[in-house]
>>> print(open('upload_23.txt').read())   # compact mmCIF, C-alpha atoms
# COMPACT_ATOMS: atom_id res chain seq x y z
CA MET W 1 -4.76 -31.35 14.65
CA ALA W 2 -6.09 -31.15 11.12
CA HIS W 3 -7.31 -27.73 10.03
CA ASP W 4 -9.91 -26.80 7.44
CA PHE W 5 -7.24 -24.81 5.60
CA ASP W 6 -3.47 -24.51 5.64
CA LEU W 7 -3.73 -20.77 4.98
CA PHE W 8 -6.67 -18.45 5.53
CA VAL W 9 -6.20 -15.03 3.94
CA ILE W 10 -8.29 -12.08 5.08
CA GLY W 11 -8.43 -9.53 2.27
CA ALA W 12 -8.46 -10.03 -1.50
CA GLY W 13 -6.24 -7.12 -2.44
CA SER W 14 -2.95 -7.33 -4.29
CA GLY W 15 -0.91 -8.87 -1.47
CA GLY W 16 -3.57 -11.26 -0.23
CA VAL W 17 -4.46 -12.57 -3.68
CA ARG W 18 -0.78 -13.07 -4.59
CA ALA W 19 -0.09 -15.00 -1.38
CA ALA W 20 -3.24 -17.11 -1.78
CA ARG W 21 -2.70 -17.99 -5.42
CA PHE W 22 0.90 -19.03 -5.04
CA ALA W 23 0.34 -20.87 -1.77
CA ALA W 24 -2.37 -22.88 -3.53
CA GLY W 25 -0.02 -23.47 -6.43
CA PHE W 26 2.54 -24.83 -4.00
CA GLY W 27 -0.01 -27.38 -2.76
CA ALA W 28 -1.53 -25.62 0.24
CA LYS W 29 -5.25 -25.66 0.96
CA VAL W 30 -6.19 -21.96 0.90
CA ALA W 31 -9.23 -19.78 1.55
CA VAL W 32 -9.66 -16.04 1.01
CA ALA W 33 -12.32 -13.91 2.66
CA GLU W 34 -13.27 -10.51 1.23
CA SER W 35 -16.19 -8.39 2.38
CA ARG W 36 -15.80 -5.47 0.00
CA TYR W 37 -14.37 -5.83 -3.51
CA LEU W 38 -11.92 -8.11 -5.23
CA GLY W 39 -8.61 -6.48 -6.07
CA GLY W 40 -8.42 -4.24 -3.03
CA THR W 41 -7.70 -0.52 -2.97
CA CYS W 42 -5.49 -0.50 -6.05
CA VAL W 43 -8.02 -1.99 -8.44
CA ASN W 44 -11.15 -0.35 -7.06
CA VAL W 45 -10.38 3.00 -5.43
CA GLY W 46 -6.67 3.47 -5.99
CA CYS W 47 -3.99 3.29 -8.63
CA VAL W 48 -6.02 1.77 -11.48
CA PRO W 49 -9.07 4.08 -11.57
CA LYS W 50 -6.83 7.01 -10.60
CA LYS W 51 -4.61 6.40 -13.64
CA LEU W 52 -7.71 6.26 -15.87
CA LEU W 53 -8.82 9.65 -14.52
CA VAL W 54 -5.30 11.01 -15.07
CA TYR W 55 -5.48 9.92 -18.73
CA GLY W 56 -8.82 11.67 -19.03
CA ALA W 57 -7.47 14.89 -17.53
CA HIS W 58 -4.62 15.07 -20.04
CA PHE W 59 -6.86 15.59 -23.05
CA SER W 60 -7.51 19.25 -22.33
CA GLU W 61 -3.78 19.91 -22.76
CA ASP W 62 -3.54 17.60 -25.76
CA PHE W 63 -6.28 19.49 -27.59
CA GLU W 64 -4.56 22.79 -26.86
CA GLN W 65 -1.14 21.57 -27.96
CA ALA W 66 -2.48 19.99 -31.16
CA GLN W 67 -2.88 23.45 -32.71
CA GLY W 68 0.88 23.89 -32.83
CA PHE W 69 1.09 20.80 -35.02
CA GLY W 70 -1.47 22.02 -37.52
CA TRP W 71 -4.60 20.47 -36.09
CA ALA W 72 -7.72 22.64 -35.99
CA VAL W 73 -9.56 21.18 -33.04
CA GLY W 74 -13.21 22.11 -32.61
CA GLU W 75 -14.77 23.11 -29.33
CA SER W 76 -14.30 20.23 -26.92
CA GLN W 77 -16.76 19.11 -24.29
CA PHE W 78 -16.16 16.87 -21.32
CA ASP W 79 -18.75 14.60 -19.70
CA TRP W 80 -17.84 13.37 -16.24
CA ALA W 81 -20.64 10.78 -16.17
CA THR W 82 -19.24 9.07 -19.28
CA LEU W 83 -15.74 8.86 -17.81
CA ILE W 84 -17.01 7.43 -14.51
CA ALA W 85 -19.31 4.92 -16.22
CA ASN W 86 -16.49 3.68 -18.46
CA LYS W 87 -14.15 3.54 -15.46
CA ASN W 88 -16.70 1.49 -13.53
CA ARG W 89 -17.06 -0.94 -16.40
CA GLU W 90 -13.30 -1.49 -16.55
CA ILE W 91 -13.07 -2.00 -12.79
CA SER W 92 -15.90 -4.55 -12.97
CA ARG W 93 -13.92 -6.40 -15.64
CA LEU W 94 -10.85 -6.45 -13.40
CA ASN W 95 -12.93 -7.71 -10.45
CA GLY W 96 -13.89 -10.66 -12.62
CA ILE W 97 -10.27 -11.32 -13.51
CA TYR W 98 -9.31 -11.40 -9.84
CA ARG W 99 -12.18 -13.79 -9.12
CA ASN W 100 -11.00 -16.11 -11.89
CA LEU W 101 -7.40 -15.93 -10.72
CA LEU W 102 -8.42 -17.13 -7.27
CA VAL W 103 -10.96 -19.76 -8.24
CA ASN W 104 -8.84 -21.19 -11.07
CA SER W 105 -5.87 -21.57 -8.74
CA GLY W 106 -7.94 -23.71 -6.38
CA VAL W 107 -8.54 -21.10 -3.68
CA LYS W 108 -11.89 -21.12 -1.86
CA LEU W 109 -13.36 -17.62 -2.07
CA LEU W 110 -15.63 -16.54 0.78
CA GLU W 111 -17.38 -13.23 0.13
CA GLY W 112 -18.15 -11.96 3.61
CA HIS W 113 -16.58 -10.27 6.63
CA ALA W 114 -13.94 -12.36 8.35
CA ARG W 115 -13.32 -12.03 12.09
CA ILE W 116 -10.51 -13.79 13.90
CA THR W 117 -11.84 -15.72 16.92
CA GLY W 118 -8.60 -17.37 17.98
CA PRO W 119 -5.00 -18.00 16.87
CA HIS W 120 -6.20 -20.61 14.35
CA GLU W 121 -9.88 -19.71 13.95
CA VAL W 122 -11.81 -17.37 11.67
CA GLU W 123 -15.53 -16.71 11.49
CA VAL W 124 -17.16 -15.55 8.25
CA ASP W 125 -20.85 -14.66 8.40
CA GLY W 126 -21.55 -17.20 11.15
CA GLN W 127 -19.40 -19.97 9.69
CA ARG W 128 -16.25 -20.98 11.57
CA PHE W 129 -13.07 -22.20 9.93
CA SER W 130 -9.74 -23.34 11.31
CA ALA W 131 -6.39 -22.72 9.66
CA GLY W 132 -2.75 -23.52 10.23
CA HIS W 133 -1.86 -19.93 9.39
CA ILE W 134 -3.97 -16.79 9.11
CA LEU W 135 -2.73 -13.97 6.88
CA ILE W 136 -4.08 -10.45 7.46
CA ALA W 137 -4.03 -8.41 4.24
CA THR W 138 -6.89 -5.99 4.88
CA GLY W 139 -5.14 -2.85 3.59
CA GLY W 140 -5.80 0.74 4.59
CA TRP W 141 -8.61 3.28 4.65
CA PRO W 142 -8.65 7.07 4.11
CA VAL W 143 -8.72 9.27 7.20
CA ILE W 144 -10.60 12.58 7.46
CA PRO W 145 -9.53 14.55 10.54
CA GLU W 146 -11.94 15.28 13.37
CA ILE W 147 -12.91 18.88 12.63
CA PRO W 148 -16.35 20.53 12.77
CA GLY W 149 -18.16 19.78 9.53
CA ARG W 150 -16.00 16.81 8.53
CA GLU W 151 -19.16 15.01 7.41
CA HIS W 152 -19.33 17.41 4.46
CA ALA W 153 -15.88 16.38 3.17
CA ILE W 154 -14.95 13.34 1.10
CA GLY W 155 -11.90 11.08 0.93
CA SER W 156 -10.30 9.37 -2.04
CA ASN W 157 -12.82 6.49 -2.00
CA GLU W 158 -15.77 8.80 -2.65
CA ALA W 159 -13.90 10.87 -5.24
CA PHE W 160 -14.16 8.02 -7.74
CA PHE W 161 -17.96 8.00 -7.54
CA LEU W 162 -18.92 11.67 -7.51
CA GLU W 163 -22.15 12.14 -9.46
CA GLN W 164 -20.86 15.29 -11.13
CA LEU W 165 -17.59 17.13 -11.58
CA PRO W 166 -17.36 19.91 -8.97
CA LYS W 167 -16.91 23.41 -10.38
CA ARG W 168 -14.74 24.36 -7.39
CA VAL W 169 -12.76 21.85 -5.37
CA ILE W 170 -10.48 22.19 -2.37
CA ILE W 171 -7.96 19.38 -1.88
CA VAL W 172 -6.38 19.13 1.55
CA GLY W 173 -3.07 17.29 1.83
CA GLY W 174 0.48 17.29 0.59
CA GLY W 175 1.16 13.68 -0.42
CA TYR W 176 0.96 11.91 -3.74
CA ILE W 177 -2.81 11.32 -3.61
CA ALA W 178 -3.42 15.03 -3.10
CA VAL W 179 -1.19 16.18 -5.97
CA GLU W 180 -2.55 13.52 -8.31
CA PHE W 181 -6.15 14.56 -7.71
CA ALA W 182 -5.22 18.23 -7.95
CA GLY W 183 -4.00 17.48 -11.46
CA ILE W 184 -7.07 15.42 -12.28
CA PHE W 185 -9.64 18.00 -11.20
CA ASN W 186 -7.66 20.89 -12.67
CA GLY W 187 -7.23 19.10 -15.99
CA LEU W 188 -10.92 18.26 -16.20
CA GLY W 189 -11.90 21.89 -15.69
CA SER W 190 -12.52 22.35 -11.97
CA GLN W 191 -11.25 25.45 -10.22
CA THR W 192 -8.74 23.67 -7.99
CA THR W 193 -7.19 24.79 -4.71
CA GLN W 194 -4.72 22.60 -2.83
CA LEU W 195 -3.98 23.29 0.83
CA TYR W 196 -1.05 21.87 2.75
CA ARG W 197 -0.25 22.62 6.36
CA GLY W 198 3.54 22.55 5.83
CA PRO W 199 5.87 24.89 3.94
CA LEU W 200 6.28 22.54 0.92
CA PHE W 201 4.38 19.42 -0.12
CA MET W 202 5.62 15.92 -1.11
CA ARG W 203 7.69 15.37 2.01
CA GLY W 204 10.20 12.54 1.55
CA PHE W 205 10.86 13.33 -2.11
CA ASP W 206 13.97 15.16 -3.28
CA ASP W 207 13.71 18.90 -2.63
CA ALA W 208 14.40 19.70 -6.28
CA VAL W 209 11.45 17.49 -7.27
CA ARG W 210 9.16 19.11 -4.70
CA GLU W 211 10.02 22.66 -5.76
CA HIS W 212 9.86 21.87 -9.48
CA LEU W 213 6.44 20.22 -9.20
CA SER W 214 5.02 23.15 -7.22
CA ASP W 215 6.21 25.55 -9.94
CA GLU W 216 4.65 23.46 -12.71
CA LEU W 217 1.31 22.95 -10.93
CA ARG W 218 1.00 26.70 -10.44
CA LYS W 219 1.74 27.24 -14.15
CA LYS W 220 -1.18 24.94 -14.91
CA GLY W 221 -3.53 26.96 -12.76
CA VAL W 222 -3.66 25.00 -9.50
CA ASP W 223 -3.98 27.39 -6.56
CA LEU W 224 -1.34 25.96 -4.23
CA GLN W 225 -1.49 27.28 -0.69
CA PHE W 226 1.17 26.11 1.76
CA ASN W 227 1.11 26.67 5.53
CA ALA W 228 -2.68 26.50 5.23
CA ASP W 229 -5.23 24.20 6.84
CA ILE W 230 -8.99 24.04 7.45
CA ALA W 231 -10.42 24.70 10.91
CA ARG W 232 -14.06 23.98 10.08
CA ILE W 233 -16.44 23.28 7.19
CA ASP W 234 -19.97 24.69 6.92
CA LYS W 235 -22.63 23.78 4.40
CA GLN W 236 -24.33 26.80 2.84
CA ALA W 237 -28.01 27.23 1.95
CA ASP W 238 -27.25 26.73 -1.77
CA GLY W 239 -25.50 23.42 -1.08
CA SER W 240 -21.98 24.79 -1.47
CA LEU W 241 -19.33 24.49 1.24
CA LYS W 242 -17.49 27.18 3.17
CA ALA W 243 -14.07 26.28 4.53
CA THR W 244 -12.80 28.46 7.36
CA LEU W 245 -9.03 28.24 7.53
CA LYS W 246 -6.97 28.31 10.72
CA ASP W 247 -5.68 31.77 9.76
CA GLY W 248 -9.28 33.05 9.59
CA ARG W 249 -9.62 33.18 5.80
CA GLU W 250 -12.70 31.69 4.14
CA LEU W 251 -12.79 29.67 0.92
CA ASN W 252 -15.88 28.50 -0.94
CA ALA W 253 -16.12 25.23 -2.84
CA ASP W 254 -18.52 22.62 -4.14
CA CYS W 255 -16.35 19.74 -2.92
CA ILE W 256 -13.73 19.44 -0.18
CA PHE W 257 -11.49 16.42 -0.61
CA TYR W 258 -9.14 15.20 2.13
CA ALA W 259 -6.00 13.26 1.25
CA THR W 260 -4.27 13.53 4.60
CA GLY W 261 -3.35 9.95 5.37
CA ARG W 262 -4.61 6.39 5.64
CA ARG W 263 -5.13 4.10 8.61
CA PRO W 264 -4.88 0.30 8.78
CA MET W 265 -8.25 -1.38 8.18
CA LEU W 266 -8.66 -3.41 11.38
CA ASP W 267 -12.37 -2.78 12.05
CA ASN W 268 -14.07 -5.73 13.77
CA LEU W 269 -11.15 -7.98 12.84
CA GLY W 270 -11.02 -9.68 16.25
CA LEU W 271 -7.39 -8.97 17.05
CA GLU W 272 -8.35 -8.83 20.72
CA ASN W 273 -8.74 -12.62 20.52
CA THR W 274 -5.07 -13.01 19.64
CA ALA W 275 -1.63 -11.94 20.84
CA VAL W 276 -1.15 -9.70 17.78
CA LYS W 277 0.45 -6.37 18.73
CA LEU W 278 0.08 -2.97 17.08
CA ARG W 279 2.73 -0.31 16.61
CA LYS W 280 2.28 3.13 18.15
CA ASP W 281 0.86 4.39 14.84
CA GLY W 282 -1.78 1.65 14.82
CA PHE W 283 -0.33 -0.59 12.12
CA ILE W 284 0.25 -4.30 12.79
CA GLU W 285 3.69 -5.11 14.18
CA VAL W 286 5.49 -7.85 12.25
CA ASP W 287 9.03 -9.21 12.04
CA GLU W 288 11.14 -9.49 8.90
CA GLN W 289 9.13 -12.56 7.87
CA TYR W 290 5.73 -10.81 8.31
CA GLN W 291 4.95 -12.83 11.44
CA THR W 292 3.02 -11.10 14.20
CA ALA W 293 3.40 -11.66 17.94
CA GLU W 294 0.92 -14.52 17.43
CA PRO W 295 3.03 -17.25 15.74
CA SER W 296 0.18 -18.54 13.56
CA ILE W 297 -0.84 -15.09 12.28
CA LEU W 298 0.96 -13.09 9.60
CA ALA W 299 0.29 -9.71 8.04
CA LEU W 300 1.49 -7.83 4.97
CA GLY W 301 0.77 -4.92 2.66
CA ASP W 302 -0.66 -1.57 3.71
CA VAL W 303 -1.89 -2.94 7.04
CA ILE W 304 1.71 -3.22 8.31
CA GLY W 305 2.53 0.35 7.24
CA ARG W 306 5.94 -0.23 5.68
CA VAL W 307 6.02 0.71 2.00
CA GLN W 308 2.42 1.18 0.93
CA LEU W 309 2.72 0.36 -2.77
CA THR W 310 0.96 -2.36 -4.76
CA PRO W 311 4.13 -3.98 -6.18
CA VAL W 312 5.58 -4.14 -2.67
CA ALA W 313 2.47 -5.93 -1.38
CA LEU W 314 2.77 -8.36 -4.30
CA ALA W 315 6.41 -9.06 -3.41
CA GLU W 316 5.49 -9.55 0.25
CA GLY W 317 2.70 -11.95 -0.70
CA MET W 318 5.08 -13.99 -2.81
CA ALA W 319 7.64 -14.06 0.00
CA VAL W 320 5.06 -15.36 2.51
CA ALA W 321 3.81 -18.08 0.17
CA ARG W 322 7.33 -19.26 -0.62
CA ARG W 323 8.55 -19.23 2.99
CA LEU W 324 5.58 -21.27 4.20
CA TYR W 325 5.10 -23.71 1.34
CA LYS W 326 8.14 -23.57 -0.98
CA PRO W 327 11.07 -22.65 1.28
CA GLU W 328 13.69 -23.65 -1.27
CA GLN W 329 12.49 -20.74 -3.44
CA TYR W 330 12.22 -18.22 -0.61
CA ARG W 331 14.06 -14.94 -0.76
CA PRO W 332 13.34 -11.88 1.38
CA VAL W 333 11.87 -8.72 -0.11
CA ASP W 334 14.54 -6.13 -0.91
CA TYR W 335 13.22 -2.75 0.19
CA GLN W 336 16.16 -0.92 -1.35
CA HIS W 337 15.80 0.82 -4.71
CA ILE W 338 12.01 0.62 -4.90
CA PRO W 339 11.00 2.80 -7.87
CA THR W 340 8.06 5.13 -7.37
CA ALA W 341 5.87 7.02 -9.82
CA VAL W 342 3.48 9.80 -8.89
CA PHE W 343 0.95 10.51 -11.63
CA SER W 344 0.80 14.21 -10.98
CA GLN W 345 0.76 16.56 -13.97
CA PRO W 346 3.60 16.54 -14.83
CA PRO W 347 4.40 13.12 -13.35
CA ILE W 348 7.23 12.18 -11.01
CA GLY W 349 9.52 9.17 -11.28
CA THR W 350 12.09 8.45 -8.60
CA VAL W 351 14.33 5.65 -7.34
CA GLY W 352 17.08 5.51 -4.75
CA LEU W 353 18.25 8.17 -2.34
CA THR W 354 17.32 11.82 -2.41
CA GLU W 355 20.18 14.31 -2.12
CA GLN W 356 19.21 14.93 1.50
CA GLN W 357 19.09 11.22 2.35
CA ALA W 358 22.47 10.62 0.74
CA LEU W 359 24.06 13.42 2.78
CA GLU W 360 22.43 12.19 5.98
CA ALA W 361 23.78 8.69 5.27
CA GLY W 362 27.31 10.11 5.19
CA HIS W 363 27.91 10.14 1.44
CA GLU W 364 29.94 12.85 -0.20
CA VAL W 365 27.79 13.55 -3.24
CA THR W 366 28.07 14.98 -6.72
CA ILE W 367 24.82 16.24 -8.20
CA PHE W 368 23.90 16.27 -11.87
CA GLU W 369 20.77 18.15 -12.83
CA SER W 370 19.07 19.17 -16.05
CA ARG W 371 15.97 21.25 -16.75
CA PHE W 372 14.64 21.57 -20.27
CA ARG W 373 11.50 22.10 -22.29
CA PRO W 374 10.23 18.80 -23.72
CA MET W 375 10.53 18.54 -27.50
CA LYS W 376 6.79 17.99 -27.88
CA LEU W 377 6.14 21.47 -26.48
CA THR W 378 8.54 23.38 -28.74
CA LEU W 379 5.79 24.00 -31.33
CA THR W 380 3.41 25.26 -28.66
CA ASP W 381 3.27 28.18 -26.25
CA VAL W 382 3.44 25.85 -23.23
CA GLN W 383 6.41 26.65 -21.00
CA GLU W 384 6.45 23.45 -18.94
CA LYS W 385 9.94 22.21 -18.00
CA THR W 386 11.23 18.70 -17.32
CA LEU W 387 13.60 18.07 -14.39
CA MET W 388 16.13 15.23 -14.29
CA LYS W 389 18.54 14.69 -11.43
CA LEU W 390 21.23 12.16 -10.50
CA VAL W 391 22.70 11.83 -7.01
CA VAL W 392 26.17 10.27 -7.28
CA ASP W 393 28.63 9.13 -4.60
CA ALA W 394 31.67 11.33 -5.20
CA ASN W 395 34.09 8.67 -3.96
CA THR W 396 32.76 5.49 -5.60
CA ASP W 397 31.00 7.07 -8.64
CA LYS W 398 27.97 4.91 -7.82
CA VAL W 399 24.60 6.42 -8.73
CA LEU W 400 22.65 6.62 -5.47
CA GLY W 401 19.46 8.27 -6.68
CA CYS W 402 17.63 9.11 -9.87
CA HIS W 403 14.77 11.62 -9.96
CA MET W 404 12.55 13.03 -12.70
CA VAL W 405 9.57 15.32 -13.16
CA GLY W 406 8.21 15.34 -16.68
CA PRO W 407 6.40 13.38 -19.41
CA ASP W 408 6.68 9.58 -19.11
CA ALA W 409 8.65 9.82 -15.85
CA GLY W 410 7.07 6.64 -14.53
CA GLU W 411 7.92 4.69 -17.68
CA ILE W 412 11.51 5.97 -17.76
CA ILE W 413 12.29 5.41 -14.09
CA GLN W 414 11.61 1.66 -14.36
CA GLY W 415 14.73 1.21 -16.47
CA MET W 416 16.71 3.47 -14.15
CA ALA W 417 15.67 1.27 -11.23
CA ILE W 418 17.29 -1.76 -12.84
CA ALA W 419 20.50 0.21 -13.34
CA LEU W 420 20.59 1.36 -9.71
CA LYS W 421 19.79 -2.12 -8.40
CA ALA W 422 22.67 -3.44 -10.47
CA GLY W 423 24.99 -0.88 -8.86
CA ALA W 424 25.59 1.26 -11.94
CA THR W 425 28.19 4.03 -11.76
CA LYS W 426 27.95 7.44 -13.34
CA GLN W 427 30.66 6.31 -15.77
CA LEU W 428 28.35 3.52 -17.00
CA PHE W 429 25.60 6.10 -17.50
CA ASP W 430 28.08 8.26 -19.46
CA GLU W 431 29.19 5.33 -21.62
CA THR W 432 25.62 4.34 -22.49
CA ILE W 433 24.48 5.65 -25.87
CA GLY W 434 21.28 7.64 -25.68
CA VAL W 435 18.08 7.09 -27.64
CA HIS W 436 17.61 10.22 -29.75
CA PRO W 437 15.50 12.30 -29.78
CA THR W 438 13.95 11.41 -26.42
CA GLY W 439 13.73 12.97 -23.01
CA ALA W 440 15.15 9.80 -21.45
CA GLU W 441 18.53 10.30 -23.17
CA GLU W 442 19.22 13.22 -20.85
CA PHE W 443 19.98 10.71 -18.10
CA VAL W 444 23.05 9.53 -20.05
CA THR W 445 24.19 12.91 -21.37
CA MET W 446 24.49 14.94 -18.15
CA ARG W 447 28.21 15.68 -17.86
CA THR W 448 28.63 18.80 -15.72
CA PRO W 449 27.97 18.61 -11.97
CA VAL W 450 25.76 21.22 -10.36
CA GLN W 451 27.75 23.65 -8.22
CA ARG W 452 26.49 23.85 -4.63
>>> encode(input="upload_23.txt", output="structure tokens")
Amino acid sequence: MAHDFDLFVIGAGSGGVRAARFAAGFGAKVAVAESRYLGGTCVNVGCVPKKLLVYGAHFSEDFEQAQGFGWAVGESQFDWATLIANKNREISRLNGIYRNLLVNSGVKLLEGHARITGPHEVEVDGQRFSAGHILIATGGWPVIPEIPGREHAIGSNEAFFLEQLPKRVIIVGGGYIAVEFAGIFNGLGSQTTQLYRGPLFMRGFDDAVREHLSDELRKKGVDLQFNADIARIDKQADGSLKATLKDGRELNADCIFYATGRRPMLDNLGLENTAVKLRKDGFIEVDEQYQTAEPSILALGDVIGRVQLTPVALAEGMAVARRLYKPEQYRPVDYQHIPTAVFSQPPIGTVGLTEQQALEAGHEVTIFESRFRPMKLTLTDVQEKTLMKLVVDANTDKVLGCHMVGPDAGEIIQGMAIALKAGATKQLFDETIGVHPTGAEEFVTMRTPVQR
């Protein structure tokens, strides 16, 4: 039977928009439904506005460090409302770009909530549409745990729209969102406490990176408290919040921000009208081609809970569009050697295996590690250190992992990712001439293995 559309995409985030645009470019008739905002989490309440806030938080350090270079900087003042207003204006501009990308590629944009009513049917605000394939790209949503007083806490979505900068903030969580916002609030002048229920945050990253970042955050004044969690939150008469910890201690704050995980956004999606299955953790179960248990329905991006990164969703969207409508160009997404940046302060850049992962995979490893004070700080009193680390297979000389904590880590690790994807050996690193004077050159000048 003829359908209204070849592909109906639910969700106009990074993955959904990429799949829709390219499917339309390949000749498919495509619709996209979005009930919230164009661009998804990344553009609106994720990586883009977060990076803008990170830039803003850096200026306090820049002003301080300028004195070592002869600049007499007057008393600085920060206005949160200005930063948020300018951020909102930029996000609005990006929303318009996403709208133009869709409309100009021939995609029909439906701004309303889409609900699946059958394997080939979708309803949007009372209108029904049929489609050969339905693609679920609805992303994720922050989770605040069910504790007494949870209604007084905020998640990452609300953090971008606070009316004023809190004087005291408690951040709960040990992942990248938590450490990034700890740096943001601390840099902008808030008294910042970060709680994590485990012994060391940033689980999944190399242990050297985790320990180094905790040392540097403490140097910057973040009150890091591990093996600590909140039992309840109470609002005080003056509007402030009291957090009672599980060990009985009490902490006072003006804002309590949870960054303890995200769930798939499946609310009122109508999956009960299909054969789509969920994993035990609630994310949509798909095969290697992003197909669900319902043959006509696919899913990608954060909602499938694999690698929850914008560039990965983009790659998945491209793969779906090519497989369905341009199979001669199809190639599967390679989940190996995905580079990652965490815009903590200082930032993290990493690609490949951690030392622990390499050992668990059976590799005999040689470790190269360097810690040094960045050149920019040598004329200041700041004692921040950069960490660089290479994990090398002792038998093949292949570089298995590359890790960094320090200025421009995200920029530097992109080039390292190409090298690792190409299978570079440590000898090739050694034979590459460094760019001097830079921090990045340390990756090609480390000669002496770390003794374990």
>>> closest_residue(input="upload_23.txt", among="W:Thr340, W:Gln289, W:Thr193, W:Gln127", to="W:Pro311", atoms="all atoms listed in the file")
W:Thr340
>>> residues_near_point(input="upload_23.txt", point="(-6.2, -12.2, 1.6)", cutoff="8 Å", atoms="only C-alpha atoms", output="list in words")
Phe8, Val9, Ile10, Gly11, Ala12, Gly13, Gly15, Gly16, Val17, Ala19, Ala20, Val32, Ala33, Glu34, Leu135, Ile136, Ala137 and Thr138 of chain W
>>> closest_residue(input="upload_23.txt", among="W:Gly282, W:Gly155, W:Pro142, W:Gly349", to="W:Gln414", atoms="only C-alpha atoms")
W:Gly349
>>> residues_around(input="upload_23.txt", residues="W:Ile91", least_positions_apart="2", cutoff="8 Å", atoms="only C-alpha atoms", output="PDB file with C-alpha atoms, in the coordinates of the input")
ATOM      1  CA  VAL W  43      -8.020  -1.990  -8.440  1.00  0.00           C
ATOM      2  CA  ASN W  44     -11.150  -0.350  -7.060  1.00  0.00           C
ATOM      3  CA  PRO W  49      -9.070   4.080 -11.570  1.00  0.00           C
ATOM      4  CA  LYS W  87     -14.150   3.540 -15.460  1.00  0.00           C
ATOM      5  CA  ASN W  88     -16.700   1.490 -13.530  1.00  0.00           C
ATOM      6  CA  ARG W  89     -17.060  -0.940 -16.400  1.00  0.00           C
ATOM      7  CA  ARG W  93     -13.920  -6.400 -15.640  1.00  0.00           C
ATOM      8  CA  LEU W  94     -10.850  -6.450 -13.400  1.00  0.00           C
ATOM      9  CA  ASN W  95     -12.930  -7.710 -10.450  1.00  0.00           C
TER      10      ASN W  95
END
>>> closest_residue(input="upload_23.txt", among="W:Glu123, W:Leu390, W:Lys326, W:Arg36", to="W:Asp430", atoms="only C-alpha atoms")
W:Leu390
>>> residues_around(input="upload_23.txt", residues="stretch 77-82 of chain W", least_positions_apart="4", cutoff="9 Å", atoms="only C-alpha atoms", output="CSV table (one decimal) with C-alpha atoms, keeping the file's coordinate frame")
chain,number,residue,atom,x,y,z
W,86,ASN,CA,-16.5,3.7,-18.5
W,87,LYS,CA,-14.2,3.5,-15.5
W,162,LEU,CA,-18.9,11.7,-7.5
W,163,GLU,CA,-22.2,12.1,-9.5
W,164,GLN,CA,-20.9,15.3,-11.1
W,165,LEU,CA,-17.6,17.1,-11.6
W,188,LEU,CA,-10.9,18.3,-16.2
W,189,GLY,CA,-11.9,21.9,-15.7
>>> closest_residue(input="upload_23.txt", among="W:Gly434, W:Gly439, W:Gly270, W:Gly362", to="W:Thr117", atoms="only C-alpha atoms")
W:Gly270
>>> residues_around(input="upload_23.txt", residues="stretch 396-406 of chain W", least_positions_apart="2", cutoff="8 Å", atoms="all atoms listed in the file", output="PyMOL selection string")
chain W and resi 206+209+212-213+346-355+358+385-394+408-409+413+416+420+423-427
>>> closest_residue(input="upload_23.txt", among="W:Gly173, W:Gly415, W:Pro332, W:Pro295", to="W:Ile144", atoms="all atoms listed in the file")
W:Gly173
>>> closest_residue(input="upload_23.txt", among="W:Leu269, W:Arg203, W:Asp247, W:Phe368", to="W:Val124", atoms="only C-alpha atoms")
W:Leu269
>>> residues_around(input="upload_23.txt", residues="W:Pro437", least_positions_apart="4", cutoff="12 Å", atoms="all atoms listed in the file", output="JSON, numbers by chain")
{"W": [374, 375, 376, 433, 441, 442]}
>>> atom_distance(input="upload_23.txt", atom1="atom CA of W:Ala440", atom2="atom CA of W:Arg373")
12.9 Å
>>> axis_aligned_box(input="upload_23.txt", around="stretch 370-376 of chain W", padding_each_side="6 Å", output="AutoDock Vina command-line options")
--center_x 12.9 --center_y 20.0 --center_z -22.0 --size_x 24.3 --size_y 16.1 --size_z 23.8
>>> residues_around(input="upload_23.txt", residues="W:Glu61", least_positions_apart="3", cutoff="12 Å", atoms="all atoms listed in the file", output="list in words")
Val54, Tyr55, Gly56, Ala57, His58, Glu64, Gln65, Ala66, Gln67, Gly68, Val73, Ser76, Gly183, Ile184, Asn186, Gly187, Leu188, Gly189, Lys220, Gln345, Pro346, Lys376, Leu377, Thr380, Asp381, Val382 and Glu384 of chain W
>>> write_last_selection(input="upload_23.txt", atoms="C-alpha atoms", output="tab-separated table (two decimals), in the frame of the given file")
chain	number	residue	atom	x	y	z
W	54	VAL	CA	-5.30	11.01	-15.07
W	55	TYR	CA	-5.48	9.92	-18.73
W	56	GLY	CA	-8.82	11.67	-19.03
W	57	ALA	CA	-7.47	14.89	-17.53
W	58	HIS	CA	-4.62	15.07	-20.04
W	64	GLU	CA	-4.56	22.79	-26.86
W	65	GLN	CA	-1.14	21.57	-27.96
W	66	ALA	CA	-2.48	19.99	-31.16
W	67	GLN	CA	-2.88	23.45	-32.71
W	68	GLY	CA	0.88	23.89	-32.83
W	73	VAL	CA	-9.56	21.18	-33.04
W	76	SER	CA	-14.30	20.23	-26.92
W	183	GLY	CA	-4.00	17.48	-11.46
W	184	ILE	CA	-7.07	15.42	-12.28
W	186	ASN	CA	-7.66	20.89	-12.67
W	187	GLY	CA	-7.23	19.10	-15.99
W	188	LEU	CA	-10.92	18.26	-16.20
W	189	GLY	CA	-11.90	21.89	-15.69
W	220	LYS	CA	-1.18	24.94	-14.91
W	345	GLN	CA	0.76	16.56	-13.97
W	346	PRO	CA	3.60	16.54	-14.83
W	376	LYS	CA	6.79	17.99	-27.88
W	377	LEU	CA	6.14	21.47	-26.48
W	380	THR	CA	3.41	25.26	-28.66
W	381	ASP	CA	3.27	28.18	-26.25
W	382	VAL	CA	3.44	25.85	-23.23
W	384	GLU	CA	6.45	23.45	-18.94
